[in-house]
$ cat work12.cif   # mmCIF, C-alpha atoms and all ligand atoms
data_run
loop_
_atom_site.label_atom_id
_atom_site.label_comp_id
_atom_site.auth_asym_id
_atom_site.auth_seq_id
_atom_site.Cartn_x
_atom_site.Cartn_y
_atom_site.Cartn_z
CA MET N 405 -17.30 -44.94 58.53
CA MET N 406 -17.91 -46.28 62.01
CA ARG N 407 -16.82 -44.06 64.83
CA ALA N 408 -14.81 -45.76 67.53
CA ASP N 409 -13.39 -44.06 70.62
CA LEU N 410 -11.90 -40.89 69.15
CA LEU N 411 -9.17 -40.77 71.77
CA ALA N 412 -8.06 -44.34 71.13
CA GLU N 413 -7.54 -43.80 67.42
CA ALA N 414 -4.17 -42.96 65.92
CA PRO N 415 -4.15 -40.06 63.45
CA PRO N 416 -5.18 -41.51 60.09
CA ALA N 417 -2.50 -42.08 57.47
CA ASP N 418 -2.74 -40.31 54.13
CA ASP N 419 -4.49 -42.61 51.63
CA GLY N 420 -3.65 -40.65 48.49
CA ARG N 421 -7.08 -39.07 47.99
CA ALA N 422 -6.90 -35.36 47.25
CA PRO N 423 -7.63 -33.18 50.27
CA TRP N 424 -10.57 -30.81 50.08
CA SER N 425 -9.57 -27.20 49.43
CA HIS N 426 -9.84 -24.96 52.49
CA ALA N 427 -13.08 -23.54 51.11
CA GLU N 428 -14.56 -27.03 50.61
CA PHE N 429 -13.35 -28.23 54.00
CA GLU N 430 -14.79 -25.16 55.73
CA ALA N 431 -18.09 -25.69 53.90
CA LYS N 432 -18.21 -29.30 55.20
CA LEU N 433 -17.55 -28.11 58.75
CA ARG N 434 -20.35 -25.55 58.42
CA GLU N 435 -22.75 -28.15 56.98
CA ALA N 436 -22.39 -30.07 60.23
CA GLY N 437 -24.38 -27.24 61.81
CA SER N 438 -27.56 -29.05 60.72
CA ALA N 439 -27.01 -31.19 63.86
CA TYR N 440 -26.51 -28.18 66.16
CA HIS N 441 -28.59 -28.04 69.34
CA ILE N 442 -30.37 -24.96 67.99
CA HIS N 443 -32.61 -27.60 66.35
CA HIS N 444 -33.14 -29.67 69.50
CA PRO N 445 -36.79 -29.74 70.69
CA PHE N 446 -35.77 -28.49 74.15
CA ASN N 447 -34.01 -25.46 72.65
CA VAL N 448 -36.85 -24.87 70.19
CA MET N 449 -39.22 -24.85 73.16
CA LEU N 450 -37.03 -22.31 75.00
CA ASN N 451 -36.70 -19.97 72.04
CA THR N 452 -40.33 -20.08 70.87
CA GLY N 453 -41.74 -18.94 74.20
CA LYS N 454 -43.17 -22.30 75.27
CA ALA N 455 -40.92 -22.88 78.28
CA THR N 456 -42.16 -22.36 81.82
CA PRO N 457 -40.09 -20.19 84.19
CA GLU N 458 -39.00 -23.39 85.93
CA GLN N 459 -37.80 -24.98 82.66
CA ILE N 460 -35.82 -21.82 81.91
CA ARG N 461 -34.28 -21.81 85.38
CA MET N 462 -33.31 -25.48 85.13
CA TRP N 463 -31.75 -24.91 81.71
CA VAL N 464 -29.71 -22.00 83.09
CA ALA N 465 -28.65 -23.98 86.19
CA ASN N 466 -27.58 -27.01 84.14
CA ARG N 467 -25.83 -24.97 81.47
CA PHE N 468 -23.86 -23.30 84.24
CA TYR N 469 -21.81 -26.48 84.42
CA TYR N 470 -20.87 -26.04 80.75
CA GLN N 471 -19.94 -22.41 81.41
CA ILE N 472 -17.55 -23.27 84.23
CA ALA N 473 -16.06 -26.15 82.24
CA ILE N 474 -15.15 -24.00 79.22
CA PRO N 475 -12.17 -22.18 80.79
CA VAL N 476 -10.93 -25.46 82.32
CA LYS N 477 -11.13 -26.98 78.84
CA ASP N 478 -9.27 -24.00 77.37
CA ALA N 479 -6.60 -24.24 80.07
CA ALA N 480 -6.16 -27.91 79.09
CA ILE N 481 -5.60 -26.85 75.48
CA LEU N 482 -3.04 -24.25 76.59
CA SER N 483 -1.23 -26.81 78.73
CA ASN N 484 -0.90 -29.16 75.75
CA CYS N 485 0.17 -26.48 73.27
CA PRO N 486 3.89 -25.73 72.86
CA ASP N 487 3.29 -22.89 70.37
CA ARG N 488 3.57 -19.46 72.02
CA GLU N 489 1.73 -17.62 69.24
CA ILE N 490 -1.24 -19.95 69.53
CA ARG N 491 -1.28 -19.68 73.33
CA ARG N 492 -1.27 -15.88 73.06
CA GLY N 493 -4.45 -15.98 71.05
CA TRP N 494 -6.06 -18.81 72.96
CA ILE N 495 -5.62 -17.33 76.43
CA ARG N 496 -8.21 -14.66 75.66
CA ARG N 497 -10.86 -17.35 76.03
CA LEU N 498 -9.94 -17.88 79.66
CA LEU N 499 -10.16 -14.15 80.29
CA ASP N 500 -13.49 -13.95 78.45
CA HIS N 501 -15.05 -16.49 80.80
CA ASP N 502 -13.19 -16.03 84.07
CA GLY N 503 -12.89 -12.25 83.79
CA PHE N 504 -9.92 -10.30 85.11
CA ASP N 505 -9.00 -7.51 87.51
CA TYR N 506 -5.52 -6.06 87.10
CA GLU N 507 -3.96 -3.00 88.68
CA LEU N 508 -2.07 -0.95 86.08
CA PRO N 509 1.15 0.97 86.86
CA ASP N 510 -0.82 4.25 87.06
CA GLY N 511 -3.01 2.77 89.77
CA SER N 512 -6.08 2.37 87.56
CA ARG N 513 -7.75 -1.01 87.18
CA LEU N 514 -8.38 -3.07 84.09
CA ARG N 515 -11.31 -5.30 84.85
CA ASP N 516 -14.05 -7.34 83.29
CA GLU N 517 -16.54 -9.49 85.17
CA GLY N 518 -16.28 -12.30 82.60
CA GLY N 519 -18.79 -14.73 81.15
CA ILE N 520 -19.28 -16.92 84.21
CA GLU N 521 -20.33 -13.90 86.25
CA ALA N 522 -22.60 -12.75 83.41
CA TRP N 523 -24.16 -16.23 83.39
CA LEU N 524 -24.78 -16.01 87.13
CA ARG N 525 -26.51 -12.67 86.52
CA LEU N 526 -28.65 -14.38 83.87
CA GLY N 527 -29.61 -17.02 86.43
CA ILE N 528 -30.47 -14.40 89.05
CA ALA N 529 -32.61 -12.57 86.47
CA THR N 530 -34.60 -15.79 85.97
CA GLY N 531 -35.16 -16.16 89.72
CA LEU N 532 -32.35 -18.53 90.69
CA ALA N 533 -30.21 -17.82 93.75
CA ARG N 534 -26.49 -17.50 93.07
CA GLU N 535 -25.81 -20.25 95.60
CA GLU N 536 -28.05 -22.81 93.92
CA MET N 537 -26.11 -22.43 90.66
CA LEU N 538 -22.69 -22.48 92.33
CA ASP N 539 -23.39 -25.62 94.37
CA LEU N 540 -24.67 -27.46 91.28
CA ARG N 541 -27.65 -28.87 93.17
CA HIS N 542 -29.78 -28.94 90.01
CA LEU N 543 -27.11 -30.47 87.77
CA LEU N 544 -28.39 -33.64 86.08
CA PRO N 545 -25.97 -36.57 85.88
CA GLY N 546 -26.30 -36.86 82.09
CA VAL N 547 -25.41 -33.18 81.64
CA ARG N 548 -22.42 -33.62 83.94
CA PHE N 549 -21.21 -36.67 81.99
CA ALA N 550 -21.60 -34.92 78.64
CA VAL N 551 -19.68 -31.82 79.76
CA ASP N 552 -16.99 -33.92 81.44
CA ALA N 553 -16.52 -35.82 78.17
CA TYR N 554 -15.68 -32.53 76.48
CA VAL N 555 -13.12 -31.51 79.12
CA ASN N 556 -11.59 -34.99 79.11
CA PHE N 557 -11.26 -34.93 75.36
CA ALA N 558 -9.47 -31.58 75.52
CA ARG N 559 -7.11 -32.89 78.19
CA ARG N 560 -6.13 -36.03 76.35
CA ALA N 561 -6.36 -35.27 72.63
CA PRO N 562 -3.65 -33.46 70.65
CA TRP N 563 -4.29 -29.75 71.15
CA GLN N 564 -5.21 -29.20 67.49
CA GLU N 565 -8.00 -31.76 67.86
CA ALA N 566 -9.26 -30.06 71.00
CA VAL N 567 -9.25 -26.77 69.09
CA CYS N 568 -11.31 -28.43 66.36
CA SER N 569 -13.83 -29.63 68.94
CA SER N 570 -14.52 -26.00 69.88
CA LEU N 571 -15.82 -25.27 66.37
CA THR N 572 -19.46 -25.69 67.38
CA GLU N 573 -18.87 -22.03 68.14
CA LEU N 574 -19.32 -21.50 64.39
CA PHE N 575 -23.01 -21.94 65.06
CA ALA N 576 -23.28 -20.30 68.48
CA PRO N 577 -23.76 -16.63 67.42
CA ASP N 578 -27.04 -17.62 65.74
CA ILE N 579 -28.38 -19.29 68.88
CA HIS N 580 -27.38 -16.32 71.04
CA ARG N 581 -29.02 -13.92 68.56
CA GLN N 582 -32.11 -16.10 68.52
CA ARG N 583 -32.39 -15.77 72.32
CA LEU N 584 -31.86 -12.00 72.14
CA ALA N 585 -34.56 -11.73 69.48
CA THR N 586 -37.18 -13.93 71.17
CA TRP N 587 -36.75 -13.95 74.93
CA PRO N 588 -37.68 -10.30 75.65
CA GLY N 589 -41.03 -10.80 73.90
CA HIS N 590 -41.79 -14.23 75.31
CA TYR N 591 -40.31 -13.81 78.76
CA PRO N 592 -40.66 -10.11 79.67
CA TRP N 593 -40.27 -11.05 83.35
CA ILE N 594 -36.52 -11.63 82.73
CA GLU N 595 -34.74 -8.28 83.11
CA SER N 596 -32.95 -7.20 79.95
CA GLU N 597 -29.53 -6.94 81.65
CA GLY N 598 -29.87 -10.64 82.44
CA LEU N 599 -29.28 -11.28 78.74
CA ASP N 600 -25.87 -9.56 78.68
CA TYR N 601 -24.12 -12.92 78.43
CA PHE N 602 -25.72 -13.53 75.03
CA ARG N 603 -24.91 -9.98 73.88
CA ASN N 604 -21.26 -10.38 74.82
CA ARG N 605 -20.92 -13.72 73.06
CA THR N 606 -22.23 -12.41 69.74
CA SER N 607 -19.02 -10.38 69.43
CA GLN N 608 -16.62 -12.78 71.22
CA ALA N 609 -17.60 -15.99 69.42
CA PRO N 610 -16.88 -14.82 65.84
CA ARG N 611 -13.36 -13.79 66.92
CA ASP N 612 -12.83 -17.23 68.52
CA VAL N 613 -14.11 -18.94 65.41
CA VAL N 614 -11.65 -17.17 63.11
CA HIS N 615 -8.78 -18.40 65.28
CA GLY N 616 -10.09 -21.96 65.75
CA LEU N 617 -10.91 -22.31 62.08
CA ARG N 618 -7.48 -21.10 60.96
CA ILE N 619 -5.78 -23.72 63.16
CA THR N 620 -8.13 -26.47 62.01
CA LEU N 621 -7.83 -25.73 58.28
CA ALA N 622 -4.03 -25.74 58.56
CA HIS N 623 -3.63 -28.82 60.75
CA PHE N 624 -6.08 -31.26 59.15
CA ALA N 625 -4.31 -31.26 55.80
CA THR N 626 -4.99 -34.70 54.28
CA ARG N 627 -8.41 -36.09 53.34
CA PRO N 628 -8.43 -38.69 56.16
CA MET N 629 -7.42 -35.96 58.62
CA GLN N 630 -10.16 -33.67 57.31
CA GLU N 631 -12.65 -36.51 57.77
CA ARG N 632 -11.40 -36.97 61.29
CA ALA N 633 -11.97 -33.26 61.96
CA LEU N 634 -15.59 -33.75 60.91
CA GLN N 635 -15.89 -36.69 63.32
CA ILE N 636 -14.47 -34.58 66.13
CA LEU N 637 -16.96 -31.81 65.39
CA LYS N 638 -19.75 -34.42 65.33
CA PHE N 639 -18.60 -35.69 68.74
CA LYS N 640 -18.90 -32.17 70.12
CA LEU N 641 -22.30 -31.64 68.50
CA ASP N 642 -23.39 -34.88 70.19
CA ILE N 643 -22.28 -33.53 73.57
CA LEU N 644 -24.47 -30.45 73.21
CA TRP N 645 -27.38 -32.51 71.84
CA THR N 646 -27.10 -35.00 74.71
CA MET N 647 -27.23 -32.20 77.29
CA ASN N 648 -30.53 -31.09 75.76
CA ASP N 649 -31.84 -34.68 75.59
CA GLU N 650 -31.18 -35.06 79.29
CA MET N 651 -32.87 -31.76 80.16
CA GLY N 652 -35.86 -32.56 77.95
CA ARG N 653 -36.23 -35.95 79.61
CA HIS N 654 -36.23 -34.47 83.11
CA TYR N 655 -38.02 -31.18 82.69
CA GLY N 656 -40.32 -32.05 79.77
CA VAL N 657 -40.62 -30.60 76.28
CA ALA N 658 -43.74 -28.70 75.25
CA ALA N 659 -44.80 -29.56 71.69
O1 LIG N 701 -25.40 -21.12 74.16
C1 LIG N 701 -24.98 -21.96 73.39
O2 LIG N 701 -25.72 -22.68 72.74
C2 LIG N 701 -23.52 -22.10 73.27
C3 LIG N 701 -22.94 -23.13 72.58
C4 LIG N 701 -21.54 -23.23 72.54
C5 LIG N 701 -21.01 -24.28 71.70
O3 LIG N 701 -21.50 -24.40 70.58
O4 LIG N 701 -20.13 -25.03 72.10
C6 LIG N 701 -20.78 -22.31 73.28
C7 LIG N 701 -21.47 -21.26 73.90
N1 LIG N 701 -22.79 -21.16 73.91
C8 LIG N 701 -20.76 -20.24 74.59
O5 LIG N 701 -21.40 -19.29 75.09
C9 LIG N 701 -19.37 -20.31 74.71
O6 LIG N 701 -18.76 -19.43 75.31
C10 LIG N 701 -18.69 -21.40 74.14
C11 LIG N 701 -17.34 -21.77 74.14
C12 LIG N 701 -17.30 -22.96 73.49
C13 LIG N 701 -16.16 -23.83 73.26
O7 LIG N 701 -16.41 -24.96 72.84
O8 LIG N 701 -15.01 -23.42 73.53
N2 LIG N 701 -18.52 -23.29 73.06
C14 LIG N 701 -19.39 -22.35 73.43
#
$ encode --input "work12.cif" --output "structure tokens" --more "lines below"
Ligand SMILES: O=C(O)c1cc(C(=O)O)c2c(n1)C(=O)C(=O)c1cc(C(=O)O)[nH]c1-2
Amino acid sequence: MMRADLLAEAPPADDGRAPWSHAEFEAKLREAGSAYHIHHPFNVMLNTGKATPEQIRMWVANRFYYQIAIPVKDAAILSNCPDREIRRGWIRRLLDHDGFDYELPDGSRLRDEGGIEAWLRLGIATGLAREEMLDLRHLLPGVRFAVDAYVNFARRAPWQEAVCSSLTELFAPDIHRQRLATWPGHYPWIESEGLDYFRNRTSQAPRDVVHGLRITLAHFATRPMQERALQILKFKLDILWTMNDEMGRHYGVAA
């Protein structure tokens, strides 16, 4: 089936074909992981020790734009979602990335630096200055356009579709674990605490996935809807792949 502008398409009508069972549908979503950016040559270079310090720094600086977009994207989903129970679960994602600092009635504080701060610490551990990540001076236009496409989709699509587009997170724990397993050996000059972001995500992402998957399996209930969910996931996989294409084109990819 040809893929037109996802946002311009009306939800597909039921055509009488039997829907996949939840197990079959989930298996199809997971199969889409063969197009995950873990397989992109730029990522393979990073995780097999072939990247130069400068390539690592530029990856971290460009990916920072994705990191700061994620909570904006999740706030867009919240703003489109009238279901209080869903919002209660979903809001954790904002706190995961933005962090929080609350004073409790007994005067103690409940705080967490959040993922964006952890990402900045990763950048500093690779030799970047905080300021040069925050001012986005290294951000490539193609990376910006790809990330913006994700945020725009989340703003304008029905919230269940935006939830579905987050399901690349099914595949993210593996890529974070891959970095934790390979970077200390290949790049011993990066201090271990710099990798905290990846450590944190290996426990946060599976929790997110359970929630996102439950919503997706329930909402996309007919076969044409299930096929649309796969297209939405493909669109998101393309965003991540395109970011890596752009970085490979500018910073080079070692064979
Ligand atoms: O490092 C990665 O390769 C990677 C990929 C993805 C992803 O698959 O979208 C996310 C993350 N990391 C991540 O750390 C993260 O918090 C995250 C949130 C989301 C999302 O779509 O809501 N994706 C991802």
$ residues_near_ligand --input "work12.cif" --ligand "ligand LIG 701 (chain N)" --cutoff "7 Å" --atoms "all atoms listed in the file" --output "PyMOL selection string"
chain N and resi 441+471+474+478+569-573+575-576+579-580+605+609
$ write_last_selection --input "work12.cif" --atoms "C-alpha atoms" --output "PDB file, in the coordinates of the input"
ATOM      1  CA  HIS N 441     -28.590 -28.040  69.340  1.00  0.00           C
ATOM      2  CA  GLN N 471     -19.940 -22.410  81.410  1.00  0.00           C
ATOM      3  CA  ILE N 474     -15.150 -24.000  79.220  1.00  0.00           C
ATOM      4  CA  ASP N 478      -9.270 -24.000  77.370  1.00  0.00           C
ATOM      5  CA  SER N 569     -13.830 -29.630  68.940  1.00  0.00           C
ATOM      6  CA  SER N 570     -14.520 -26.000  69.880  1.00  0.00           C
ATOM      7  CA  LEU N 571     -15.820 -25.270  66.370  1.00  0.00           C
ATOM      8  CA  THR N 572     -19.460 -25.690  67.380  1.00  0.00           C
ATOM      9  CA  GLU N 573     -18.870 -22.030  68.140  1.00  0.00           C
ATOM     10  CA  PHE N 575     -23.010 -21.940  65.060  1.00  0.00           C
ATOM     11  CA  ALA N 576     -23.280 -20.300  68.480  1.00  0.00           C
ATOM     12  CA  ILE N 579     -28.380 -19.290  68.880  1.00  0.00           C
ATOM     13  CA  HIS N 580     -27.380 -16.320  71.040  1.00  0.00           C
ATOM     14  CA  ARG N 605     -20.920 -13.720  73.060  1.00  0.00           C
ATOM     15  CA  ALA N 609     -17.600 -15.990  69.420  1.00  0.00           C
TER      16      ALA N 609
END
$ closest_residue --input "work12.cif" --among "N:Phe429, N:Ala473, N:Ile619, N:Met449" --to "Asn556 of chain N" --atoms "only C-alpha atoms"
N:Ala473
$ residues_around --input "work12.cif" --residues "Pro415 of chain N" --least-positions-apart "4" --cutoff "9 Å" --atoms "all atoms listed in the file" --output "ChimeraX atom specification"
/N:628-629,632
$ residues_around --input "work12.cif" --residues "Ile460 of chain N" --least-positions-apart "4" --cutoff "8 Å" --atoms "all atoms listed in the file" --output "list of chain:residue names"
N:Leu450, N:Ala455, N:Thr456, N:Val464, N:Thr530
$ closest_residue --input "work12.cif" --among "N:Gln608, N:Asn648, N:Cys568, N:Ala533" --to "Glu430 of chain N" --atoms "only C-alpha atoms"
N:Cys568
$ residues_around --input "work12.cif" --residues "segment 538-551 of chain N" --least-positions-apart "6" --cutoff "7 Å" --atoms "only C-alpha atoms" --output "ChimeraX atom specification"
/N:462,465-466,470,643,646-647,650
$ closest_residue --input "work12.cif" --among "N:Ile594, N:Ala622, N:Ala561, N:Leu482" --to "Gly531 of chain N" --atoms "all atoms listed in the file"
N:Ile594
